[in-house]
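First comes the structure, then the notes that go with it.
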Amino acid sequence: MQALACINDSAVLASAPMELRDKILKAATELYAETGFRGATTRHIAQKAGVNEVTIFRHFGSKTALLHEAIRCACQTPVSDSLPEVPLDPRAELLRWAGDHWRDLWTRRSVIRTAMGEIEEHPELLPRENSPSACAGRALRAYLERLQSAGLAQAPFSTSAAMMTLMGTLFADAMSRDIMAFSYPLEPEAAISEYVDLFVRAIGAGTDQ
């Protein structure tokens, strides 16, 4: 039976290797989000992906390498680059960006929460420098600097602190909304709009400034 499974796997590998690799990565990501590093065994991943366990080792070498790749891919979903080089309407531009960033975090929340819970034991699993959050933070800070240069943000503030204030708020909402619903009475769209309104007033970019 196992030999037949290996033969079937070989046929699949020959016809669609990239599709099979993606299928294994998807299964690994979903199991990791549900059970963590120890629970996401190669046997369970193989069962979920519908392949033989040997196929996993052929593609990735080890469970650690597989999970590292799966989490890296899951945590590097591209975020829409919606902050313009020439700011015109800070509130509208920040609202669009905040919505994109929140939705990206919300989509990846299960994997992020699991990885955060295991960060001390497996610090290598969370991408840092080139993660979507790191890239989004750099883009937001650069945009805030452009607002200051254009005189569209008139309050004195640190762009790094302002960047972390808005990103931290969006992160907390996306990570906590489904497990602490009592803390988030507003629907996501309305809540994000409120966050952005408070933020633009704080940096002196509101229409009433």
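By order in the structure tokens, chains are A, B, ...; within a chain, residues start at 1; ligands start at 1, following the order shown.
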
Residue neighbourhood stretch 110-126 of chain A, 9 Å, only C-alpha atoms, exclusion window fewer than 6 positions, as a tab-separated table (two decimals) with C-alpha atoms, in the first residue's frame:
```tsv
chain	number	residue	atom	x	y	z
A	29	THR	CA	0.34	26.26	7.66
A	30	GLU	CA	-3.19	25.25	8.63
A	32	TYR	CA	0.60	24.74	12.56
A	33	ALA	CA	-2.04	27.40	13.23
A	34	GLU	CA	-4.25	24.77	14.90
A	35	THR	CA	-1.73	22.70	16.84
A	36	GLY	CA	1.60	24.55	17.00
A	37	PHE	CA	5.05	23.22	16.18
A	67	LEU	CA	7.27	24.72	8.83
A	68	HIS	CA	9.81	27.50	8.45
A	69	GLU	CA	8.94	27.79	4.76
A	71	ILE	CA	5.14	30.23	8.03
A	72	ARG	CA	7.45	32.45	5.99
A	74	ALA	CA	2.00	32.73	5.15
A	75	CYS	CA	3.54	35.77	6.81
A	175	MET	CA	-5.48	39.69	16.56
```

For A:Lys23, list every protein, DNA or RNA residue within 10 Å, evaluated using only C-alpha atoms, and leave out those in the same chain fewer than 4 positions away; present the list as JSON, numbers by chain. {"A": [17, 18, 19, 27, 28, 29, 45, 46, 48, 49, 50, 51]}

Per DSSP on the backbone, what are the alpha helix (DSSP H) residues of stretch 7-209 of chain A, as a ChimeraX atom specification? /A:7-15,17-39,42-49,53-60,63-74,90-107,109-117,132-149,159-176,188-202

Stretch 108-186 of chain A near stretch 80-104 of chain A within 7 Å: what's each residue's closest atom pair and its distance in Å to one decimal, counting only C-alpha atoms, ordered by chain then ascending residue number, as a Markdown table?
```
| residue | atom | partner | partner_atom | distance |
| --- | --- | --- | --- | --- |
| A:Arg108 | CA | A:Asp104 | CA | 6.5 |
| A:Tyr143 | CA | A:Leu83 | CA | 6.7 |
| A:Leu147 | CA | A:Pro87 | CA | 6.6 |
| A:Leu170 | CA | A:Trp102 | CA | 5.9 |
| A:Ala174 | CA | A:Trp102 | CA | 6.2 |
```

So how many Å separate atom CA of A:Ser62 and atom CA of A:Gly39, to one decimal?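 Taking atom CA of A:Ser62 as the start and atom CA of A:Gly39 as the end point, the length is 14.9 Å.
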
Of the candidates A:Ile192, A:Ala134, A:Arg43, A:Leu144, which shows the shortest atom-to-atom distance to A:Ser160, using only C-alpha atoms?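 Using only C-alpha atoms, A:Ser160 sits closest to A:Leu144.
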
In Å, rounded to a single decimal, give me how far atom CA of A:Val54 is from atom CA of A:Ala40.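 Distance between the two atoms: 15.7 Å.
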
Can you list, as a ChimeraX atom specification, every protein, DNA or RNA residue that comes within 6 Å of stretch 193-207 of chain A when you count only C-alpha atoms, leaving out same-chain residues fewer than 3 positions away? /A:152-155,190

File dump, residues just selected, C-alpha atoms, as a PDB file, in the first residue's frame:
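Done, and the output landed in out-v6.pdb:
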```
ATOM      1  CA  LEU A 152      -0.138  68.483   5.923  1.00  0.00           C
ATOM      2  CA  ALA A 153       0.617  67.200   9.442  1.00  0.00           C
ATOM      3  CA  GLN A 154       1.020  70.241  11.657  1.00  0.00           C
ATOM      4  CA  ALA A 155       1.327  68.750  15.153  1.00  0.00           C
ATOM      5  CA  ALA A 190     -16.429  51.495  11.331  1.00  0.00           C
TER       6      ALA A 190
END
```

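Put simply, atom CA of A:Ala139 is 25.2 Å away from atom CA of A:Ala70.
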